[in-house]
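Reading through the structure tokens given below for one structure.
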Amino acid sequence: MKKDDTKLDHLFPTFKDARKRTKSEVENIEFELDPKYLNLGNGKKYLIQTYGCQANEADSEVMAGILERIGFTKASNPEDSDLIILNTCAIRENAENRIWGEIGRLSHYQKTNPNLIIGLAGCMPQEPDVVERILKKQHAVGLVFGTHNIHKLPEYIYDAYLSKERVIQVYSKEGEIIENLPKIRNHQFKAWVNIMYGCDEFCTYCIVPYTRGKERSRLPEDVILEVEELVKAGYQEVTLLGQNVNAYGKDFKELDYTLGDLLNDLDKTGISRIRFTTSHPRDLDLKTILAMKELKSVMPHLHLPVQSGSDEVLRRMNRRYTKEMYMEKVNLLKEHVKGISITTDIIVGFPNESDQDFEDTLDLVREAKFEGAYTFIYSKRKGTPAAIFEDDTPADVKKKRLLKLNELINAGFKEGNQRFLDEVVEVLVDGPSEKDEAVLAGYTPHNKLINFKGSKSLIGKIVKVKVTKALTWSLQGKLYSNEI
Ligand code: SAH
Ligand code: SF4
Ligand code: F3S
């Protein structure tokens, strides 16, 4: 579907604008739908494919909500779809390569359905190079929008259908916080709840501050209301989302209110379980740790990305803490939140990471006793400061480091599971296990995956399970009691 690009005004992102941070207050506005869009999707089907982090998962729920509000229904496969949106991630090069391949694959469906619109959304379109490549080479893509203008989807779809032109609308700068966005949630008793958007940390390797804009916190009353409604609808667990949730509230001008306060207020809504992600070690404060200690609803698991155990690498990453400072936080957590499980993210092969730097990371992993980690080989992201750092570490050395690190991490994962052997744990039952329909799967407060036999009527409930076996990646157990 080669389209003429000249008739519509496209809006392109630039990293220069995306980098800017202004002190101006961010407005909160309500989502409104122009009635002229109401039946736009009648008789049409959509598919959304989500990549990347929970921020994208939550955004895809909003996209689905908006599409269904304007009449679309969900398709079961690409053949049936009139609109396929790829909600993309830009964090590493291989995440992007997957998307280019997927666009090629999906474009074949346009041969049998020339009206099929393939849309690109999420973090990739926030990169100028990506938009340029789409304009020049990827003619299958008919709709491009970014992370800051999802609420304008009805308008873009209207333009795309009416004009039969490609619609490319990507803002460099974040706009207002939009409340009351329609959502089709993927889960019936676990929900994502955004508490803030954007990131101001500017870790030197990371693209997120450019793709997600400046930090903006949702007002406490809006978050509390959303959770209250979830409780009324039968939800058991919320995961509060932000790139750096420990900075929640720092942008409020008049209000002195941070994550610890929010956790206390959300506990009062009666929600059974609260999790939050992601935490930045430097911003993690005592108030939050005490909330984890004192509130039964706040789960004893924390994902606390460390990235490296070398002070020199941390400095070049602009993480603004040292190994010692990180360990102080870990020890404070362990002291207050008895039995806490801590997981992390680690990057190996950051530019010029030496053997000694890597050894320092291994030391830290041993000391912190992580019970799981996402580990990555550094991927150069154009436009970020680290992209021009010198790097003379060969690729095969980086791969070997990753393997060595993973061995250690996996041992920690297993040890973390083993400590629950013979214990009775509370499990929020997710559904049948992926491997065996007759087995149920769920998560413990410490975020350990556990499988056990039980009736499907338990799905969505919190039950007690006795742990009978500890494997590396999961626990096995026996139903102990249907109630807690
Ligand atoms: N805001 C979160 C999540 C960021 S992305 C946080 O600060 O933890 C998730 C993880 O991807 C990061 O923690 C980091 O370990 C990894 N990551 C980010 N940029 C990367 C890059 N350029 N190369 C490799 N890994 C990267
Ligand atoms: Fe990226 Fe750092 Fe922000 Fe996390 S805190 S999103 S790693 S810049
Ligand atoms: Fe990826 Fe964007 Fe999340 S780059 S990790 S989807 S914020």
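In the structure tokens, chains take the letters A, B, ... in the order shown, each chain's residues start at 1, and ligands count up from 1 in the order shown.
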What are the DSSP helix (DSSP H, G or I) residues of range 256-438 of chain A, as a PyMOL selection string? chain A and resi 259-267+286-294+311-316+323-336+355-368+385-388+395-418
Would you save the residues of that selection, restricted to C-alpha atoms, as a PDB file, in the first residue's frame?
ATOM      1  CA  LEU A 259       5.133   7.364  47.423  1.00  0.00           C
ATOM      2  CA  GLY A 260       5.054   6.446  51.125  1.00  0.00           C
ATOM      3  CA  ASP A 261       1.956   8.635  51.603  1.00  0.00           C
ATOM      4  CA  LEU A 262       0.293   7.112  48.574  1.00  0.00           C
ATOM      5  CA  LEU A 263       0.928   3.566  49.828  1.00  0.00           C
ATOM      6  CA  ASN A 264      -0.670   4.480  53.158  1.00  0.00           C
ATOM      7  CA  ASP A 265      -3.733   5.931  51.447  1.00  0.00           C
ATOM      8  CA  LEU A 266      -4.087   3.046  49.022  1.00  0.00           C
ATOM      9  CA  ASP A 267      -3.900   0.539  51.867  1.00  0.00           C
ATOM     10  CA  LEU A 286      12.576   5.413  54.586  1.00  0.00           C
ATOM     11  CA  LYS A 287       8.901   6.361  54.376  1.00  0.00           C
ATOM     12  CA  THR A 288       8.427   3.869  51.545  1.00  0.00           C
ATOM     13  CA  ILE A 289      10.412   1.188  53.353  1.00  0.00           C
ATOM     14  CA  LEU A 290       8.321   1.721  56.500  1.00  0.00           C
ATOM     15  CA  ALA A 291       5.132   1.495  54.436  1.00  0.00           C
ATOM     16  CA  MET A 292       6.379  -1.866  53.151  1.00  0.00           C
ATOM     17  CA  LYS A 293       7.055  -2.919  56.716  1.00  0.00           C
ATOM     18  CA  GLU A 294       3.815  -1.745  58.273  1.00  0.00           C
ATOM     19  CA  ASP A 311      31.444   2.666  41.301  1.00  0.00           C
ATOM     20  CA  GLU A 312      33.262   3.840  38.188  1.00  0.00           C
ATOM     21  CA  VAL A 313      30.702   2.293  35.840  1.00  0.00           C
ATOM     22  CA  LEU A 314      27.831   3.614  37.979  1.00  0.00           C
ATOM     23  CA  ARG A 315      29.347   7.075  37.737  1.00  0.00           C
ATOM     24  CA  ARG A 316      29.573   6.880  33.959  1.00  0.00           C
ATOM     25  CA  LYS A 323      27.868   0.288  45.459  1.00  0.00           C
ATOM     26  CA  GLU A 324      28.045   1.158  49.160  1.00  0.00           C
ATOM     27  CA  MET A 325      24.995   3.423  48.966  1.00  0.00           C
ATOM     28  CA  TYR A 326      23.064   0.721  47.129  1.00  0.00           C
ATOM     29  CA  MET A 327      23.979  -1.868  49.766  1.00  0.00           C
ATOM     30  CA  GLU A 328      22.873   0.532  52.512  1.00  0.00           C
ATOM     31  CA  LYS A 329      19.410   0.607  50.931  1.00  0.00           C
ATOM     32  CA  VAL A 330      19.383  -3.176  50.585  1.00  0.00           C
ATOM     33  CA  ASN A 331      20.352  -3.601  54.226  1.00  0.00           C
ATOM     34  CA  LEU A 332      17.752  -1.084  55.358  1.00  0.00           C
ATOM     35  CA  LEU A 333      15.111  -2.997  53.410  1.00  0.00           C
ATOM     36  CA  LYS A 334      16.207  -6.317  54.881  1.00  0.00           C
ATOM     37  CA  GLU A 335      16.275  -4.877  58.391  1.00  0.00           C
ATOM     38  CA  HIS A 336      12.734  -3.491  58.227  1.00  0.00           C
ATOM     39  CA  ASP A 355      37.275  -7.248  34.140  1.00  0.00           C
ATOM     40  CA  GLN A 356      37.562  -5.705  37.594  1.00  0.00           C
ATOM     41  CA  ASP A 357      34.342  -3.685  37.093  1.00  0.00           C
ATOM     42  CA  PHE A 358      32.582  -6.894  36.168  1.00  0.00           C
ATOM     43  CA  GLU A 359      34.046  -8.700  39.204  1.00  0.00           C
ATOM     44  CA  ASP A 360      32.678  -5.878  41.354  1.00  0.00           C
ATOM     45  CA  THR A 361      29.230  -6.568  39.906  1.00  0.00           C
ATOM     46  CA  LEU A 362      29.545 -10.269  40.750  1.00  0.00           C
ATOM     47  CA  ASP A 363      30.588  -9.321  44.301  1.00  0.00           C
ATOM     48  CA  LEU A 364      27.576  -7.111  44.694  1.00  0.00           C
ATOM     49  CA  VAL A 365      25.259  -9.840  43.428  1.00  0.00           C
ATOM     50  CA  ARG A 366      26.680 -12.216  46.047  1.00  0.00           C
ATOM     51  CA  GLU A 367      26.382  -9.628  48.788  1.00  0.00           C
ATOM     52  CA  ALA A 368      22.868  -8.469  47.976  1.00  0.00           C
ATOM     53  CA  PRO A 385      25.257  10.264  26.044  1.00  0.00           C
ATOM     54  CA  ALA A 386      26.794   6.758  26.265  1.00  0.00           C
ATOM     55  CA  ALA A 387      26.436   6.264  22.510  1.00  0.00           C
ATOM     56  CA  ILE A 388      29.636   8.249  22.004  1.00  0.00           C
ATOM     57  CA  ALA A 395      31.523  -8.648  21.934  1.00  0.00           C
ATOM     58  CA  ASP A 396      32.507 -12.204  22.882  1.00  0.00           C
ATOM     59  CA  VAL A 397      33.913 -10.995  26.212  1.00  0.00           C
ATOM     60  CA  LYS A 398      30.575  -9.319  26.919  1.00  0.00           C
ATOM     61  CA  LYS A 399      28.713 -12.518  26.081  1.00  0.00           C
ATOM     62  CA  LYS A 400      30.925 -14.547  28.407  1.00  0.00           C
ATOM     63  CA  ARG A 401      30.319 -12.051  31.185  1.00  0.00           C
ATOM     64  CA  LEU A 402      26.586 -12.311  30.691  1.00  0.00           C
ATOM     65  CA  LEU A 403      26.694 -16.116  30.920  1.00  0.00           C
ATOM     66  CA  LYS A 404      28.794 -15.987  34.065  1.00  0.00           C
ATOM     67  CA  LEU A 405      26.485 -13.444  35.647  1.00  0.00           C
ATOM     68  CA  ASN A 406      23.411 -15.457  34.732  1.00  0.00           C
ATOM     69  CA  GLU A 407      24.798 -18.540  36.461  1.00  0.00           C
ATOM     70  CA  LEU A 408      25.103 -16.585  39.666  1.00  0.00           C
ATOM     71  CA  ILE A 409      21.699 -14.989  39.262  1.00  0.00           C
ATOM     72  CA  ASN A 410      20.042 -18.356  38.622  1.00  0.00           C
ATOM     73  CA  ALA A 411      21.605 -19.788  41.767  1.00  0.00           C
ATOM     74  CA  GLY A 412      20.120 -16.842  43.689  1.00  0.00           C
ATOM     75  CA  PHE A 413      16.758 -17.436  42.063  1.00  0.00           C
ATOM     76  CA  LYS A 414      16.803 -21.047  43.240  1.00  0.00           C
ATOM     77  CA  GLU A 415      17.949 -20.172  46.768  1.00  0.00           C
ATOM     78  CA  GLY A 416      15.174 -17.600  46.950  1.00  0.00           C
ATOM     79  CA  ASN A 417      12.679 -20.334  46.127  1.00  0.00           C
ATOM     80  CA  GLN A 418      14.216 -22.874  48.467  1.00  0.00           C
TER      81      GLN A 418
END
If you count only C-alpha atoms, which residues fall within 12 Å of Lys190 in chain A, apart from same-chain ones fewer than 2 positions away, as a PyMOL selection string? chain A and resi 58+185-188+192-193+227+230-231+233-240+271-275+428-431+442-443+459-462
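Between CA of Arg216 in chain A and atom 7 (O, counted along the ligand's line) of ligand 1 the interatomic distance comes to 15.5 Å.
For ligand 2, the protein and nucleic acid residues at most 8 Å away, judged by only C-alpha atoms and all ligand atoms, amount to A:Gly198, A:Cys199, A:Asp200, A:Glu201, A:Phe202, A:Cys203, A:Thr204, A:Tyr205, A:Cys206, A:Ile207, A:Val208, A:Pro209, A:Gln243, A:Asn244, A:Thr278, A:His280, A:Arg319.
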Output C-alpha atoms for every residue in the selection just made, as an mmCIF file, in the first residue's frame.
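Okay, result-v9.cif is ready:
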data_model
loop_
_atom_site.group_PDB
_atom_site.id
_atom_site.type_symbol
_atom_site.label_atom_id
_atom_site.label_comp_id
_atom_site.auth_asym_id
_atom_site.auth_seq_id
_atom_site.Cartn_x
_atom_site.Cartn_y
_atom_site.Cartn_z
ATOM 1 C CA GLY A 198 8.193 10.019 32.234
ATOM 2 C CA CYS A 199 11.685 9.979 33.672
ATOM 3 C CA ASP A 200 14.155 12.723 34.632
ATOM 4 C CA GLU A 201 17.043 10.474 35.629
ATOM 5 C CA PHE A 202 18.884 10.491 32.304
ATOM 6 C CA CYS A 203 20.973 7.405 32.901
ATOM 7 C CA THR A 204 23.535 7.754 30.120
ATOM 8 C CA TYR A 205 22.637 4.481 28.361
ATOM 9 C CA CYS A 206 18.882 4.914 28.433
ATOM 10 C CA ILE A 207 16.416 6.130 25.835
ATOM 11 C CA VAL A 208 13.388 6.326 28.130
ATOM 12 C CA PRO A 209 13.747 9.993 29.212
ATOM 13 C CA GLN A 243 9.827 4.604 35.447
ATOM 14 C CA ASN A 244 10.984 5.878 38.820
ATOM 15 C CA THR A 278 10.283 0.541 39.097
ATOM 16 C CA HIS A 280 15.415 3.967 41.667
ATOM 17 C CA ARG A 319 23.172 6.466 38.374
#
Can I get the residues of chain A within 8 Å of ligand 1, each with the closest pair of atoms and their distance in Å to one decimal, using only C-alpha atoms and all ligand atoms, sorted chain first then ascending number, as a Markdown table?
| residue | atom | partner | partner_atom_place_in_ligand_line | distance |
| --- | --- | --- | --- | --- |
| A:Cys53 | CA | ligand 1 | 5 (S) | 7.3 |
| A:Ile91 | CA | ligand 1 | 19 (N) | 5.2 |
| A:Arg92 | CA | ligand 1 | 23 (N) | 5.3 |
| A:Cys199 | CA | ligand 1 | 1 (N) | 7.4 |
| A:Tyr205 | CA | ligand 1 | 22 (N) | 4.6 |
| A:Cys206 | CA | ligand 1 | 19 (N) | 4.1 |
| A:Ile207 | CA | ligand 1 | 19 (N) | 6.5 |
| A:Val208 | CA | ligand 1 | 4 (C) | 7.0 |
| A:Gly242 | CA | ligand 1 | 1 (N) | 7.1 |
| A:Gln243 | CA | ligand 1 | 1 (N) | 3.6 |
| A:Asn244 | CA | ligand 1 | 1 (N) | 5.5 |
| A:Thr277 | CA | ligand 1 | 2 (C) | 7.8 |
| A:Thr278 | CA | ligand 1 | 2 (C) | 5.2 |
| A:Ser279 | CA | ligand 1 | 8 (O) | 6.6 |
| A:His280 | CA | ligand 1 | 7 (O) | 6.0 |
| A:Leu304 | CA | ligand 1 | 8 (O) | 7.2 |
| A:Pro305 | CA | ligand 1 | 8 (O) | 5.1 |
| A:Val306 | CA | ligand 1 | 13 (O) | 7.7 |
| A:Gln307 | CA | ligand 1 | 15 (O) | 5.5 |
| A:Thr344 | CA | ligand 1 | 13 (O) | 7.8 |
| A:Asp345 | CA | ligand 1 | 15 (O) | 4.6 |
| A:Ile346 | CA | ligand 1 | 15 (O) | 5.0 |
| A:Ile347 | CA | ligand 1 | 15 (O) | 5.2 |
| A:Val348 | CA | ligand 1 | 24 (C) | 7.9 |
| A:Phe350 | CA | ligand 1 | 23 (N) | 8.0 |
| A:Tyr374 | CA | ligand 1 | 15 (O) | 7.1 |
| A:Thr375 | CA | ligand 1 | 15 (O) | 6.8 |
| A:Phe376 | CA | ligand 1 | 25 (N) | 5.1 |
| A:Ile377 | CA | ligand 1 | 24 (C) | 5.4 |
| A:Tyr378 | CA | ligand 1 | 23 (N) | 3.7 |
| A:Ser379 | CA | ligand 1 | 23 (N) | 3.8 |
| A:Lys380 | CA | ligand 1 | 22 (N) | 5.4 |
| A:Arg381 | CA | ligand 1 | 22 (N) | 5.6 |
Show me, as a PyMOL selection string, the residues that have an atom within 8 Å of Lys469 in chain A when counting only C-alpha atoms, minus same-chain residues fewer than 3 positions from it. chain A and resi 418+421-422+475-477
Counting only C-alpha atoms and all ligand atoms, which residues of chain A sit at most 7 Å from some atom of ligand 3, and what is each one's closest atom pair with its distance in Å to one decimal, listed by chain and rising residue number, as CSV?
residue,atom,partner,partner_atom_place_in_ligand_line,distance
A:Tyr51,CA,ligand 3,6 (S),6.6
A:Gly52,CA,ligand 3,6 (S),4.1
A:Cys53,CA,ligand 3,3 (Fe),4.1
A:Gln54,CA,ligand 3,3 (Fe),6.7
A:Ala55,CA,ligand 3,3 (Fe),5.7
A:Asn56,CA,ligand 3,6 (S),5.3
A:Thr88,CA,ligand 3,6 (S),6.1
A:Cys89,CA,ligand 3,1 (Fe),3.6
A:Ala90,CA,ligand 3,4 (S),4.0
A:Ile91,CA,ligand 3,4 (S),4.1
A:Gly122,CA,ligand 3,6 (S),6.5
A:Cys123,CA,ligand 3,2 (Fe),4.6
A:Ile207,CA,ligand 3,4 (S),6.4
A:Val208,CA,ligand 3,7 (S),5.3
A:Thr211,CA,ligand 3,2 (Fe),6.6
A:Arg212,CA,ligand 3,7 (S),6.4
Atoms kept (N, CA, C and O atoms) for selection, written as a JSON list (two decimals), in the first residue's frame:
[["chain", "number", "residue", "atom", "x", "y", "z"],
["A", 51, "TYR", "N", 4.88, -4.76, 23.15],
["A", 51, "TYR", "CA", 6.28, -5.11, 23.43],
["A", 51, "TYR", "C", 6.75, -4.21, 24.56],
["A", 51, "TYR", "O", 6.15, -3.16, 24.82],
["A", 52, "GLY", "N", 7.88, -4.60, 25.21],
["A", 52, "GLY", "CA", 8.48, -3.70, 26.19],
["A", 52, "GLY", "C", 7.93, -3.84, 27.58],
["A", 52, "GLY", "O", 7.51, -4.92, 27.98],
["A", 53, "CYS", "N", 7.92, -2.73, 28.31],
["A", 53, "CYS", "CA", 7.68, -2.79, 29.75],
["A", 53, "CYS", "C", 6.20, -2.62, 30.10],
["A", 53, "CYS", "O", 5.35, -2.47, 29.24],
["A", 54, "GLN", "N", 5.94, -2.60, 31.40],
["A", 54, "GLN", "CA", 4.56, -2.48, 31.89],
["A", 54, "GLN", "C", 3.91, -1.16, 31.46],
["A", 54, "GLN", "O", 2.69, -1.08, 31.37],
["A", 55, "ALA", "N", 4.73, -0.13, 31.23],
["A", 55, "ALA", "CA", 4.16, 1.14, 30.77],
["A", 55, "ALA", "C", 3.43, 0.91, 29.44],
["A", 55, "ALA", "O", 2.33, 1.44, 29.21],
["A", 56, "ASN", "N", 4.04, 0.11, 28.59],
["A", 56, "ASN", "CA", 3.39, -0.21, 27.32],
["A", 56, "ASN", "C", 2.16, -1.11, 27.52],
["A", 56, "ASN", "O", 1.17, -0.96, 26.83],
["A", 88, "THR", "N", 5.38, -0.42, 20.60],
["A", 88, "THR", "CA", 6.78, -0.85, 20.54],
["A", 88, "THR", "C", 7.67, -0.35, 21.67],
["A", 88, "THR", "O", 7.34, 0.60, 22.38],
["A", 89, "CYS", "N", 8.83, -0.99, 21.77],
["A", 89, "CYS", "CA", 9.84, -0.67, 22.78],
["A", 89, "CYS", "C", 11.15, -0.32, 22.08],
["A", 89, "CYS", "O", 11.51, -0.94, 21.09],
["A", 90, "ALA", "N", 11.86, 0.68, 22.63],
["A", 90, "ALA", "CA", 13.09, 1.14, 21.98],
["A", 90, "ALA", "C", 14.31, 0.91, 22.86],
["A", 90, "ALA", "O", 15.39, 1.42, 22.57],
["A", 91, "ILE", "N", 14.15, 0.12, 23.92],
["A", 91, "ILE", "CA", 15.20, 0.09, 24.95],
["A", 91, "ILE", "C", 16.51, -0.51, 24.47],
["A", 91, "ILE", "O", 17.58, -0.09, 24.88],
["A", 122, "GLY", "N", 3.98, 3.69, 20.67],
["A", 122, "GLY", "CA", 4.91, 3.42, 21.76],
["A", 122, "GLY", "C", 6.21, 4.18, 21.63],
["A", 122, "GLY", "O", 6.26, 5.28, 21.08],
["A", 123, "CYS", "N", 7.29, 3.56, 22.10],
["A", 123, "CYS", "CA", 8.55, 4.29, 22.24],
["A", 123, "CYS", "C", 9.34, 4.44, 20.94],
["A", 123, "CYS", "O", 10.05, 5.43, 20.75],
["A", 207, "ILE", "N", 17.20, 5.35, 26.78],
["A", 207, "ILE", "CA", 16.42, 6.13, 25.84],
["A", 207, "ILE", "C", 15.10, 6.64, 26.44],
["A", 207, "ILE", "O", 14.46, 7.55, 25.91],
["A", 208, "VAL", "N", 14.72, 6.04, 27.58],
["A", 208, "VAL", "CA", 13.39, 6.33, 28.13],
["A", 208, "VAL", "C", 13.11, 7.82, 28.41],
["A", 208, "VAL", "O", 12.02, 8.31, 28.08],
["A", 211, "THR", "N", 11.89, 9.14, 25.24],
["A", 211, "THR", "CA", 10.67, 8.61, 24.65],
["A", 211, "THR", "C", 9.44, 8.84, 25.53],
["A", 211, "THR", "O", 8.32, 8.75, 25.05],
["A", 212, "ARG", "N", 9.68, 9.14, 26.80],
["A", 212, "ARG", "CA", 8.53, 9.25, 27.73],
["A", 212, "ARG", "C", 8.39, 10.62, 28.37],
["A", 212, "ARG", "O", 7.47, 10.85, 29.17]]
Report as a tab-separated table: every residue of range 127-207 of chain A with an atom at most 6 Å from range 103-118 of chain A, its closest pair of atoms, and their distance in Å to one decimal, counting only C-alpha atoms, with rows sorted by chain and ascending residue number.
residue	atom	partner	partner_atom	distance
A:Ala140	CA	A:Ser107	CA	5.7
A:Val141	CA	A:Ile118	CA	5.0
A:Gly142	CA	A:Ile117	CA	5.6
What would the file look like if the residues just selected were written as a PDB file, in the first residue's frame with N, CA and C atoms?
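selection_34.pdb, written as the output of this step:
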ATOM      1  N   ALA A 140       4.263   0.075   4.349  1.00  0.00           N
ATOM      2  CA  ALA A 140       3.135  -0.701   4.895  1.00  0.00           C
ATOM      3  C   ALA A 140       2.528  -0.006   6.115  1.00  0.00           C
ATOM      4  N   VAL A 141       3.330   0.830   6.766  1.00  0.00           N
ATOM      5  CA  VAL A 141       2.839   1.474   7.993  1.00  0.00           C
ATOM      6  C   VAL A 141       2.020   2.715   7.641  1.00  0.00           C
ATOM      7  N   GLY A 142       0.759   2.720   8.066  1.00  0.00           N
ATOM      8  CA  GLY A 142      -0.131   3.820   7.688  1.00  0.00           C
ATOM      9  C   GLY A 142      -0.444   4.779   8.812  1.00  0.00           C
TER      10      GLY A 142
END
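In this structure, CA of Leu67 in chain A sits 27.8 Å away from CA of Phe276 in chain A.
Those residues that approach Gly41 in chain A to within 6 Å, counting only C-alpha atoms, are Lys44, Ile70, Gly71 and Phe72 of chain A; same-chain residues fewer than 3 positions away are not listed.
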I want to know what sits within 6 Å of range 164-171 of chain A, based on only C-alpha atoms, with residues of the same chain fewer than 5 positions away left out; could you give that as a PDB file with C-alpha atoms, in the first residue's frame?
ATOM      1  CA  HIS A  10       3.246  15.084   9.530  1.00  0.00           C
ATOM      2  CA  LEU A  11       4.524  15.816  12.996  1.00  0.00           C
ATOM      3  CA  PHE A  12       8.024  14.550  13.762  1.00  0.00           C
ATOM      4  CA  PRO A  13       9.827  14.133  17.068  1.00  0.00           C
ATOM      5  CA  GLY A 142      -0.131   3.820   7.688  1.00  0.00           C
ATOM      6  CA  LEU A 143      -0.409   5.252  11.189  1.00  0.00           C
ATOM      7  CA  VAL A 144       2.327   6.446  13.529  1.00  0.00           C
ATOM      8  CA  PHE A 145       1.832   8.027  16.927  1.00  0.00           C
ATOM      9  CA  GLY A 146       3.905   8.168  20.095  1.00  0.00           C
TER      10      GLY A 146
END
Residues at most 10 Å from Ser455 in chain A, counting only C-alpha atoms, excluding those fewer than 3 positions away in the same chain, as a list in words? Pro432, Ala438, Val439, Leu440, Phe452, Leu458, Ile459 and Leu479 of chain A
Keeping only all heavy atoms, take the residues you just selected and write them out as a CSV table (one decimal), in the first residue's frame.
chain,number,residue,atom,x,y,z
A,432,PRO,N,-5.0,-21.3,35.0
A,432,PRO,CA,-4.3,-22.6,34.7
A,432,PRO,C,-2.9,-22.3,34.4
A,432,PRO,O,-2.5,-21.3,33.8
A,432,PRO,CB,-5.1,-23.2,33.6
A,432,PRO,CG,-6.0,-22.2,33.1
A,432,PRO,CD,-6.0,-21.0,34.0
A,438,ALA,N,-4.5,-28.6,33.9
A,438,ALA,CA,-5.1,-29.2,35.1
A,438,ALA,C,-4.4,-28.6,36.4
A,438,ALA,O,-4.9,-28.8,37.5
A,438,ALA,CB,-5.0,-30.7,35.1
A,439,VAL,N,-3.4,-27.8,36.2
A,439,VAL,CA,-2.7,-27.2,37.3
A,439,VAL,C,-2.9,-25.7,37.4
A,439,VAL,O,-3.0,-25.1,36.3
A,439,VAL,CB,-1.1,-27.6,37.1
A,439,VAL,CG1,-0.3,-26.8,38.1
A,439,VAL,CG2,-0.9,-29.1,37.2
A,440,LEU,N,-3.0,-25.2,38.6
A,440,LEU,CA,-3.2,-23.7,38.7
A,440,LEU,C,-1.8,-23.1,39.0
A,440,LEU,O,-0.9,-23.7,39.5
A,440,LEU,CB,-4.1,-23.5,39.9
A,440,LEU,CG,-5.5,-24.0,39.8
A,440,LEU,CD1,-6.3,-23.7,41.1
A,440,LEU,CD2,-6.3,-23.3,38.6
A,452,PHE,N,0.1,-25.6,41.6
A,452,PHE,CA,-0.5,-26.6,42.5
A,452,PHE,C,-1.8,-27.0,41.9
A,452,PHE,O,-2.4,-26.3,41.0
A,452,PHE,CB,-0.7,-26.0,43.9
A,452,PHE,CG,-1.7,-24.8,43.9
A,452,PHE,CD1,-3.0,-25.0,44.3
A,452,PHE,CD2,-1.3,-23.5,43.5
A,452,PHE,CE1,-3.9,-23.9,44.2
A,452,PHE,CE2,-2.2,-22.4,43.5
A,452,PHE,CZ,-3.5,-22.6,43.9
A,458,LEU,N,-11.0,-21.4,42.0
A,458,LEU,CA,-10.1,-20.7,42.9
A,458,LEU,C,-9.5,-19.5,42.1
A,458,LEU,O,-8.8,-18.6,42.7
A,458,LEU,CB,-9.0,-21.6,43.4
A,458,LEU,CG,-9.5,-22.7,44.3
A,458,LEU,CD1,-8.3,-23.6,44.8
A,458,LEU,CD2,-10.3,-22.2,45.5
A,459,ILE,N,-9.6,-19.5,40.8
A,459,ILE,CA,-8.9,-18.4,40.0
A,459,ILE,C,-9.5,-17.0,40.5
A,459,ILE,O,-10.7,-16.8,40.6
A,459,ILE,CB,-9.2,-18.6,38.5
A,459,ILE,CG1,-8.5,-19.9,38.1
A,459,ILE,CG2,-8.7,-17.4,37.7
A,459,ILE,CD1,-8.8,-20.4,36.7
A,479,LEU,N,-2.6,-27.5,47.8
A,479,LEU,CA,-3.5,-26.6,48.4
A,479,LEU,C,-3.7,-26.9,49.9
A,479,LEU,O,-3.9,-28.0,50.3
A,479,LEU,CB,-4.9,-26.7,47.7
A,479,LEU,CG,-6.0,-25.7,48.1
A,479,LEU,CD1,-5.6,-24.3,47.7
A,479,LEU,CD2,-7.3,-26.1,47.4
Strand (DSSP E) positions in range 42-286 of chain A, given as a PyMOL selection string: chain A and resi 45-50+73-74+83-88+117-122+141-145+167-169+177-179+190-194+196-197+216-217+237-241+273-277
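Candidate residues A:Glu390, A:Glu176, A:Asp283, A:Glu483 were compared for distance to Thr258 in chain A, and the nearest is A:Asp283, using only C-alpha atoms.
Checking A:Glu215, A:Asp222, A:Glu228, A:Glu353 one by one against Tyr248 in chain A, counting only C-alpha atoms, you find the shortest gap at A:Glu215.
Contact shell of Lys268 in chain A at 10 Å (only C-alpha atoms; same-chain neighbours under 6 positions omitted): Ile224, Glu228, Leu295 and Ser297 of chain A.
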